[in-house]
Amino acid sequence: MLVSMLVMVAATLRLCPLARAQPLCRNHIVRTGKVFPMRQQMQGDHERLSSMTTRLIRHPCQENIALYLGRQLFFTRNNFESSLLPFSIPTILQVGVPEVTHAHFAGPLLLLVVNQKVYFYDYEAEFWAPSRGIKHPVSHLSGDNCCYGEHFLCLDISSFIFAYLYGDAIAQTKIYFSDNQGRTFQKYLQKGQEELVGSLGGIFYFHSLSQIGLLLINQGRAQFLYTDYPLNHSLGLPFNYSGSLEVIVAPGQKGILLLWFEKNLLISKNVGQLVDSVPVKESQSVSHSSILEANLTIHSVAANENEMAVLTRENKLYYGSLGILTNFLIKFADQNLWSQETVLMFTKPGILQVLTPIPDASFPAFDFQKCIVNIQAVLMDPQLQIGFCKVELLQADFEDKMYIIDMNSKLELAAFMIPRPGTSPVPVVTVSNPHSLGLQAVIYENGYSYDGNIEYRLNISLRQQQHGGRADPSFTSRIQKPTMSTVTVDIANKEISCVDLKPLTAIISIGCDIDKKIVVRNEISACNKGILDPVTLQNNYSYVIEKWRDGSFQEVIHAEYVLLEVNGLFTYTYSLTARTALCTSQPQNWSSIVKAGGHMGSYTWNRENYVSCHDPNNRVPLEWPDVPYHILGGPTDNKVTFNQRNGIYVFFISIVDPYYSYCHLENTFSVYVYGAFPLPLFPPEITILLLMLAILLSVWLAYMIPKVLHTEWGRRVWGLWAHLGRSCARSCGHVPCKCCACTEEAQTHLKIKNV
């Protein structure tokens with residue numbers, strides 16, 4: 001018995017030191033660059049965070065750039081790998097005692113709310129300036145950053161910023177927005193804002209859903225309000241909170257929100273429509289439905305695209321995944337990590353850094369204590385009893401890329417998965433904006449890997465939800481408005497141990513494809529191939545409008561379009577009128593467009609201001625049914641008819657059909673008209689009438705003259721003219737210059753004689 005007890009004690013002594021000998025991380029202090037110029041030490045006013053909660057904001061696209069906010073502020077360009085002076089704002093800006101309430105990275109700018117005013121620091125040019133346009137106090141900023149390359153749509157995401165006063169009465173608060181990364185702001189007006197009840201908890205542009213969301217707070221409950229159809233008809237589900245509510249928009253535009261205050265952490269996978277508490281697992285046998293139930297106090301929260309971590313004031317560290325089904329926190333082993341100045345930060349996927357600034361009594365610069373946690377190594381601890389990852393490979397060519405789907409277009413993507421032998425992982429495809437983007441997915445075996453495992457191929461077909469034919473119109477967004485969504489491929493039953501197996505994500509813009517253009521060409525192939533002769537072709541001459549993308553032919557355009565002669569020639573008309581085009585309302589024309597558009601009206605008839613006269617929702621009465629119908633293509637057979645004029649016409653063409661493309665498809669082309677006869681001096685009807693009368697008179701004279709000459713009167717007339725001719729010849733034969741006079745005298749003489 002004694003031997004058994006000794007063996008048990010020995011085993012315990014052997015296991016406990018092993019468990020304690022493997023800490024989560026080992027502390028090390030960064031202490032470098034302690035020699036600074038005195039000018040840099042004394043320049044500017046040192047900033048500090050106005051609240052007692054320590055924060056750290058990391059640039060989502062530039063992993064080495066971050067801002068620490070605590071009793072002092074520290075700005076780093078190398079991920080805190082060197083000692084730093086406290087961050088300061090230039091004295092010339094005259095901010096007084098600078099107290100910072102919020103900060104945000106927008107591209108190359110760091111935006112700071114200092115003493116309820118917004119300033120920006122261009123850290124590439126090392127330039128400070130106040131933002132312009134804000135006339136009322138603000139306390140918070142919100143925005144997002146797109147890290148999918150230099151596409152102009154991605155840059156637009158990073159440029160849109162809101163500034164607002166947290167906790168102000170929503171009905172009267174002043175909200176500002178900027179579309180140039182916070183350099184200038186203008187007022188934002190929310191429709192029906194004056195009728196809302198409660199205070200403002202935040203305003204966010206959710207690009208993953210193409211919605212602007214307002215967080216409304218009222219009597220300890222909060223919920224989101226959305227601005228665009230179809231979500232503007234209802235509010236998000238309310239949730240409870242207490243204290244100051246912080247909102248973290250997870251990077252990647254997947255619609256993931258983390259909302260937290262000291263007593264709870266909540267998560268939403270659909271930008272606030274549904275908000276739930278994050279469960280907590282203390283061990284395999286002890287779990288809680290929320291941090292509130294676990295009676296913990298949150299000190300710091302960190303998140304990247306796929307992971308989250310929480311440090312509590314009880315000196316406990318929790319880790320969780322942002323996967324489809326793995327939205328819970330697990331407790332890591334105890335280690336003394338917490339202090340008032342400590343913050344958490346993910347430096348890479350699966351690498352968590354616990355950071356604490358350390359003052360130096362001999363230098364003004366601060367050192368930094370770092371404790372780096374390798375998540376994958378910690379999760380391999382047998383005490384956590386976490387299952388192994390069931391997937392060996394998940395990859396795709398579309399990962400971290402941006403694509404564009406224009407109207408009536410579709411996109412085909414593919415992903416590949418290799419599971420561990422004997423496992424059955426379930427791949428799943430999701431979109432962040434199902435109101436605009438629909439999908440179909442098919443999975444099948446695609447062969448074997450080099451080590452004999454089955455490889456699966458997942459084919460994904462994406463197109464507009466409105467054209468999918470499976471969604472109710474009350475569910476889809478307005479098709480006229482460009483939208484955005486992300487598509488994500490993940491494993492539904494993925495274990496939390498799949499740290500290195502991140503989801504595959506691409507961002508999809510449902511909007512204008514700038515590589516598209518239209519080309520106008522004449523159809524003459526029928527004549528060249530002998531199908532039509534030149535005369536027939538001349539009577540049926542037409543132009544074809546084609547769509548091109550990257551120089552390759554796409555399709556012949558049959559959508560509605562308009563033409564305008566750019567040189568002011570109007571010697572052409574249209575074959576149809578409003579009546580013959582079967583319009584149910586008064587159609588638009590160039591006169592109405594120019595009048596509505598002012599000095600730019602001549603070239604502003606496009607898909608955004610076009611209203612079809614066949615639209616049943618168009619209530620403009622048909623008052624002038626005989627006016628020319630200026631729209632060509634589409635459901636009518638309208639044509640351009642040229643007047644009797646030879647010359648060159650230069651036309652501006654614009655596709656106005658709002659359901660054909662999100663682009664402003666415009667171009668200029670010329671038409672050479674020849675072979676037109678000169679315009680007659682008299683109307684052709686008069687000329688024809690006179691000609692017919694002359695012909696009839698000639699025929700009548702040819703018939704009547706011979707008949708009259710056989711009568712007595714005719715013989716006397718004939719004799720008179722014969723005698724007159726002989727007399728003129730005798731009298732004037734020698735005086736030719738006086739022939740006219742002699743003739744006149746002879747005529748007089750003959751008349752007297754006859755009398």
# chains A, B, ... in the order shown; residues from 1 in each chain; ligands from 1
call {"tool": "residues_around", "arguments": {"residues": "Arg478 of chain A", "least_positions_apart": "2", "cutoff": "10 Å", "atoms": "only C-alpha atoms", "output": "count of residues only"}}
result
14
call {"tool": "select_by_dssp", "arguments": {"residues": "segment 370-408 of chain A", "states": "helix (DSSP H, G or I)", "output": "list in words"}}
result
Ile375, Gln376, Ala377, Val378, Leu379, Pro382, Gln383 and Leu384 of chain A
call {"tool": "select_by_dssp", "arguments": {"residues": "segment 342-571 of chain A", "states": "strand (DSSP E or B)", "output": "PyMOL selection string"}}
result
chain A and resi 343-348+351-358+366-374+391-396+402-405+410-419+427-431+437-448+454-464+483-491+504-510+516-522+543-549+552-556+561-565
call {"tool": "residues_around", "arguments": {"residues": "Gly447 of chain A", "least_positions_apart": "5", "cutoff": "10 Å", "atoms": "only C-alpha atoms", "output": "PyMOL selection string"}}
result
chain A and resi 452-457
call {"tool": "residues_around", "arguments": {"residues": "Leu231 of chain A", "least_positions_apart": "5", "cutoff": "9 Å", "atoms": "only C-alpha atoms", "output": "mmCIF file with all heavy atoms, in the first residue's frame"}}
result
data_model
loop_
_atom_site.group_PDB
_atom_site.id
_atom_site.type_symbol
_atom_site.label_atom_id
_atom_site.label_comp_id
_atom_site.auth_asym_id
_atom_site.auth_seq_id
_atom_site.Cartn_x
_atom_site.Cartn_y
_atom_site.Cartn_z
ATOM 1 N N GLN A 211 -25.167 48.053 -47.230
ATOM 2 C CA GLN A 211 -26.132 48.722 -46.375
ATOM 3 C C GLN A 211 -25.402 49.645 -45.404
ATOM 4 O O GLN A 211 -24.270 49.365 -44.997
ATOM 5 C CB GLN A 211 -26.939 47.709 -45.561
ATOM 6 C CG GLN A 211 -27.878 46.834 -46.367
ATOM 7 C CD GLN A 211 -29.237 47.472 -46.562
ATOM 8 O OE1 GLN A 211 -29.519 48.561 -46.069
ATOM 9 N NE2 GLN A 211 -30.093 46.782 -47.287
ATOM 10 N N LEU A 225 -30.564 49.446 -37.319
ATOM 11 C CA LEU A 225 -31.499 49.931 -38.323
ATOM 12 C C LEU A 225 -30.741 50.064 -39.634
ATOM 13 O O LEU A 225 -29.619 50.588 -39.674
ATOM 14 C CB LEU A 225 -32.087 51.275 -37.897
ATOM 15 C CG LEU A 225 -33.025 52.004 -38.862
ATOM 16 C CD1 LEU A 225 -34.091 52.767 -38.082
ATOM 17 C CD2 LEU A 225 -32.275 52.991 -39.765
ATOM 18 N N TYR A 226 -31.366 49.618 -40.735
ATOM 19 C CA TYR A 226 -30.711 49.624 -42.036
ATOM 20 C C TYR A 226 -31.429 50.589 -42.979
ATOM 21 O O TYR A 226 -32.628 50.853 -42.834
ATOM 22 C CB TYR A 226 -30.690 48.211 -42.628
ATOM 23 C CG TYR A 226 -30.041 47.210 -41.703
ATOM 24 C CD1 TYR A 226 -30.812 46.458 -40.816
ATOM 25 C CD2 TYR A 226 -28.670 47.041 -41.674
ATOM 26 C CE1 TYR A 226 -30.232 45.549 -39.952
ATOM 27 C CE2 TYR A 226 -28.072 46.133 -40.811
ATOM 28 C CZ TYR A 226 -28.864 45.394 -39.951
ATOM 29 O OH TYR A 226 -28.286 44.507 -39.088
ATOM 30 N N GLY A 236 -33.037 45.009 -36.939
ATOM 31 C CA GLY A 236 -32.396 43.801 -36.455
ATOM 32 C C GLY A 236 -32.950 43.407 -35.095
ATOM 33 O O GLY A 236 -33.546 44.225 -34.379
ATOM 34 N N PHE A 475 -37.463 39.707 -51.217
ATOM 35 C CA PHE A 475 -36.190 39.360 -50.581
ATOM 36 C C PHE A 475 -35.004 39.997 -51.284
ATOM 37 O O PHE A 475 -33.983 40.281 -50.652
ATOM 38 C CB PHE A 475 -36.026 37.833 -50.579
ATOM 39 C CG PHE A 475 -34.722 37.352 -50.008
ATOM 40 C CD1 PHE A 475 -34.531 37.270 -48.637
ATOM 41 C CD2 PHE A 475 -33.674 36.978 -50.841
ATOM 42 C CE1 PHE A 475 -33.329 36.834 -48.116
ATOM 43 C CE2 PHE A 475 -32.473 36.531 -50.331
ATOM 44 C CZ PHE A 475 -32.299 36.456 -48.963
ATOM 45 N N SER A 477 -32.637 42.744 -53.388
ATOM 46 C CA SER A 477 -32.377 44.183 -53.346
ATOM 47 C C SER A 477 -32.810 44.816 -54.659
ATOM 48 O O SER A 477 -33.174 44.136 -55.618
ATOM 49 C CB SER A 477 -30.892 44.442 -53.102
ATOM 50 O OG SER A 477 -30.106 43.857 -54.138
#
call {"tool": "atom_distance", "arguments": {"atom1": "atom CA of Pro357 of chain A", "atom2": "atom CA of Glu81 of chain A"}}
result
11.7 Å
call {"tool": "residues_around", "arguments": {"residues": "segment 677-686 of chain A", "least_positions_apart": "3", "cutoff": "10 Å", "atoms": "only C-alpha atoms", "output": "CSV table (one decimal) with N, CA and C atoms, in the first residue's frame"}}
result
chain,number,residue,atom,x,y,z
A,644,GLN,N,-32.9,64.5,-97.3
A,644,GLN,CA,-32.2,64.6,-98.6
A,644,GLN,C,-31.0,65.4,-98.5
A,645,ARG,N,-29.9,64.8,-97.9
A,645,ARG,CA,-28.7,65.6,-97.6
A,645,ARG,C,-27.5,64.7,-97.7
A,646,ASN,N,-26.5,65.0,-98.5
A,646,ASN,CA,-25.3,64.3,-98.5
A,646,ASN,C,-24.3,64.9,-97.5
A,674,TYR,N,-24.6,59.4,-98.8
A,674,TYR,CA,-24.3,59.9,-100.2
A,674,TYR,C,-25.3,59.4,-101.1
A,689,LEU,N,-47.1,68.0,-112.8
A,689,LEU,CA,-48.4,68.5,-113.3
A,689,LEU,C,-48.1,69.3,-114.6
A,690,LEU,N,-47.2,70.2,-114.6
A,690,LEU,CA,-46.8,71.0,-115.8
A,690,LEU,C,-46.4,70.1,-116.9
A,691,LEU,N,-45.6,69.2,-116.6
A,691,LEU,CA,-45.1,68.3,-117.7
A,691,LEU,C,-46.2,67.5,-118.3
A,692,MET,N,-47.1,67.0,-117.5
A,692,MET,CA,-48.3,66.3,-118.1
A,692,MET,C,-49.2,67.2,-118.9
call {"tool": "residues_around", "arguments": {"residues": "Pro628 of chain A", "least_positions_apart": "5", "cutoff": "7 Å", "atoms": "only C-alpha atoms", "output": "mmCIF file with N, CA and C atoms, in the first residue's frame"}}
result
data_model
loop_
_atom_site.group_PDB
_atom_site.id
_atom_site.type_symbol
_atom_site.label_atom_id
_atom_site.label_comp_id
_atom_site.auth_asym_id
_atom_site.auth_seq_id
_atom_site.Cartn_x
_atom_site.Cartn_y
_atom_site.Cartn_z
ATOM 1 N N TYR A 574 -37.274 60.186 -86.908
ATOM 2 C CA TYR A 574 -37.488 58.810 -86.463
ATOM 3 C C TYR A 574 -38.741 58.254 -87.119
ATOM 4 N N LEU A 576 -40.922 56.183 -85.848
ATOM 5 C CA LEU A 576 -42.054 55.975 -84.963
ATOM 6 C C LEU A 576 -42.366 57.240 -84.178
ATOM 7 N N THR A 577 -43.632 57.346 -83.807
ATOM 8 C CA THR A 577 -44.066 58.378 -82.882
ATOM 9 C C THR A 577 -44.445 57.723 -81.563
ATOM 10 N N ALA A 578 -44.803 58.545 -80.591
ATOM 11 C CA ALA A 578 -45.200 57.986 -79.301
ATOM 12 C C ALA A 578 -46.420 57.086 -79.452
#
call {"tool": "residues_around", "arguments": {"residues": "Phe75 of chain A", "least_positions_apart": "5", "cutoff": "7 Å", "atoms": "only C-alpha atoms", "output": "short mmCIF file (atom, residue, chain, number, x, y, z; two decimals) with C-alpha atoms, in the first residue's frame"}}
result
data_model
loop_
_atom_site.label_atom_id
_atom_site.label_comp_id
_atom_site.auth_asym_id
_atom_site.auth_seq_id
_atom_site.Cartn_x
_atom_site.Cartn_y
_atom_site.Cartn_z
CA ALA A 66 -0.53 49.71 -35.45
CA LEU A 67 -1.58 52.25 -32.83
CA TYR A 68 -1.59 51.58 -29.08
CA PHE A 87 2.84 59.60 -29.96
#
call {"tool": "closest_residue", "arguments": {"among": "A:Ile593, A:Val378, A:Leu266, A:Val671", "to": "Glu246 of chain A", "atoms": "only C-alpha atoms"}}
result
A:Leu266
call {"tool": "closest_residue", "arguments": {"among": "A:Asn306, A:Asn374, A:Ser585, A:Ser268", "to": "Phe332 of chain A", "atoms": "only C-alpha atoms"}}
result
A:Asn374
call {"tool": "atom_distance", "arguments": {"atom1": "atom CA of Asp276 of chain A", "atom2": "atom CA of Asn493 of chain A"}}
result
19.5 Å
call {"tool": "closest_residue", "arguments": {"among": "A:Tyr318, A:Trp605, A:Phe206, A:Phe127", "to": "Ser142 of chain A", "atoms": "only C-alpha atoms"}}
result
A:Phe206
call {"tool": "decode", "arguments": {"residues": "segment 664-696 of chain A", "atoms": "N, CA, C and O atoms", "output": "compact mmCIF listing (two decimals), in the first residue's frame"}}
result
# COMPACT_ATOMS: atom_id res chain seq x y z
N HIS A 664 -22.15 53.00 -67.80
CA HIS A 664 -22.60 54.01 -68.74
C HIS A 664 -21.92 53.69 -70.07
O HIS A 664 -20.85 54.18 -70.38
N LEU A 665 -22.59 52.86 -70.88
CA LEU A 665 -22.03 52.42 -72.15
C LEU A 665 -22.30 53.51 -73.19
O LEU A 665 -23.43 53.71 -73.63
N GLU A 666 -21.25 54.20 -73.57
CA GLU A 666 -21.37 55.32 -74.50
C GLU A 666 -20.25 55.23 -75.53
O GLU A 666 -19.21 54.63 -75.30
N ASN A 667 -20.49 55.84 -76.68
CA ASN A 667 -19.47 55.88 -77.72
C ASN A 667 -19.87 56.93 -78.74
O ASN A 667 -20.97 57.50 -78.68
N THR A 668 -18.99 57.18 -79.70
CA THR A 668 -19.24 58.12 -80.79
C THR A 668 -18.90 57.43 -82.10
O THR A 668 -17.87 56.76 -82.20
N PHE A 669 -19.75 57.59 -83.10
CA PHE A 669 -19.50 57.00 -84.41
C PHE A 669 -20.04 57.95 -85.47
O PHE A 669 -20.80 58.88 -85.19
N SER A 670 -19.63 57.72 -86.72
CA SER A 670 -20.04 58.59 -87.83
C SER A 670 -20.77 57.80 -88.89
O SER A 670 -20.54 56.60 -89.07
N VAL A 671 -21.64 58.49 -89.61
CA VAL A 671 -22.40 57.92 -90.73
C VAL A 671 -22.22 58.85 -91.93
O VAL A 671 -22.45 60.07 -91.82
N TYR A 672 -21.80 58.28 -93.06
CA TYR A 672 -21.64 59.06 -94.30
C TYR A 672 -22.81 58.77 -95.21
O TYR A 672 -23.03 57.63 -95.64
N VAL A 673 -23.60 59.78 -95.50
CA VAL A 673 -24.76 59.67 -96.37
C VAL A 673 -24.39 60.23 -97.74
O VAL A 673 -23.93 61.37 -97.85
N TYR A 674 -24.59 59.44 -98.82
CA TYR A 674 -24.28 59.90 -100.17
C TYR A 674 -25.35 59.37 -101.12
O TYR A 674 -26.14 58.49 -100.78
N GLY A 675 -25.33 59.91 -102.36
CA GLY A 675 -26.29 59.47 -103.37
C GLY A 675 -27.61 60.18 -103.33
O GLY A 675 -28.53 59.84 -104.09
N ALA A 676 -27.75 61.20 -102.52
CA ALA A 676 -29.01 61.95 -102.47
C ALA A 676 -29.04 62.98 -103.59
O ALA A 676 -28.07 63.71 -103.81
N PHE A 677 -30.12 63.08 -104.39
CA PHE A 677 -30.25 64.04 -105.47
C PHE A 677 -30.37 65.45 -104.90
O PHE A 677 -30.86 65.65 -103.79
N PRO A 678 -29.92 66.47 -105.74
CA PRO A 678 -30.07 67.86 -105.26
C PRO A 678 -31.53 68.19 -105.01
O PRO A 678 -32.43 67.69 -105.67
N LEU A 679 -31.75 69.06 -104.12
CA LEU A 679 -33.11 69.45 -103.78
C LEU A 679 -33.73 70.24 -104.93
O LEU A 679 -33.09 71.14 -105.50
N PRO A 680 -34.96 69.97 -105.37
CA PRO A 680 -35.61 70.69 -106.49
C PRO A 680 -36.00 72.11 -106.08
O PRO A 680 -36.23 72.40 -104.91
N LEU A 681 -36.07 73.01 -107.16
CA LEU A 681 -36.48 74.38 -106.89
C LEU A 681 -37.97 74.48 -106.62
O LEU A 681 -38.43 75.38 -105.91
N PHE A 682 -38.74 73.58 -107.28
CA PHE A 682 -40.18 73.58 -107.10
C PHE A 682 -40.60 72.25 -106.52
O PHE A 682 -39.93 71.23 -106.73
N PRO A 683 -41.71 72.22 -105.91
CA PRO A 683 -42.21 70.93 -105.41
C PRO A 683 -42.39 69.95 -106.56
O PRO A 683 -42.82 70.33 -107.66
N PRO A 684 -42.06 68.71 -106.37
CA PRO A 684 -42.15 67.74 -107.47
C PRO A 684 -43.57 67.58 -108.00
O PRO A 684 -43.77 67.25 -109.17
N GLU A 685 -44.58 67.84 -107.21
CA GLU A 685 -45.95 67.70 -107.69
C GLU A 685 -46.27 68.71 -108.79
O GLU A 685 -46.91 68.39 -109.81
N ILE A 686 -45.81 69.97 -108.62
CA ILE A 686 -46.06 71.01 -109.63
C ILE A 686 -45.32 70.69 -110.92
O ILE A 686 -45.85 70.85 -112.04
N THR A 687 -44.07 70.25 -110.80
CA THR A 687 -43.30 69.91 -111.99
C THR A 687 -43.96 68.80 -112.78
O THR A 687 -44.05 68.86 -114.02
N ILE A 688 -44.41 67.79 -112.10
CA ILE A 688 -45.07 66.67 -112.79
C ILE A 688 -46.36 67.14 -113.46
O ILE A 688 -46.68 66.74 -114.60
N LEU A 689 -47.13 68.00 -112.79
CA LEU A 689 -48.38 68.50 -113.35
C LEU A 689 -48.14 69.31 -114.62
O LEU A 689 -48.83 69.13 -115.65
N LEU A 690 -47.16 70.22 -114.58
CA LEU A 690 -46.85 71.01 -115.77
C LEU A 690 -46.37 70.14 -116.91
O LEU A 690 -46.70 70.38 -118.09
N LEU A 691 -45.56 69.17 -116.62
CA LEU A 691 -45.08 68.27 -117.66
C LEU A 691 -46.23 67.50 -118.30
O LEU A 691 -46.29 67.35 -119.54
N MET A 692 -47.15 67.01 -117.52
CA MET A 692 -48.29 66.29 -118.06
C MET A 692 -49.17 67.21 -118.92
O MET A 692 -49.67 66.81 -119.99
N LEU A 693 -49.37 68.45 -118.46
CA LEU A 693 -50.15 69.39 -119.25
C LEU A 693 -49.49 69.69 -120.59
O LEU A 693 -50.17 69.81 -121.64
N ALA A 694 -48.14 69.86 -120.58
CA ALA A 694 -47.43 70.12 -121.83
C ALA A 694 -47.56 68.96 -122.80
O ALA A 694 -47.73 69.14 -124.02
N ILE A 695 -47.49 67.75 -122.28
CA ILE A 695 -47.63 66.56 -123.14
C ILE A 695 -49.03 66.50 -123.73
O ILE A 695 -49.22 66.25 -124.94
N LEU A 696 -50.03 66.72 -122.89
CA LEU A 696 -51.41 66.69 -123.38
C LEU A 696 -51.66 67.78 -124.42
O LEU A 696 -52.36 67.56 -125.44
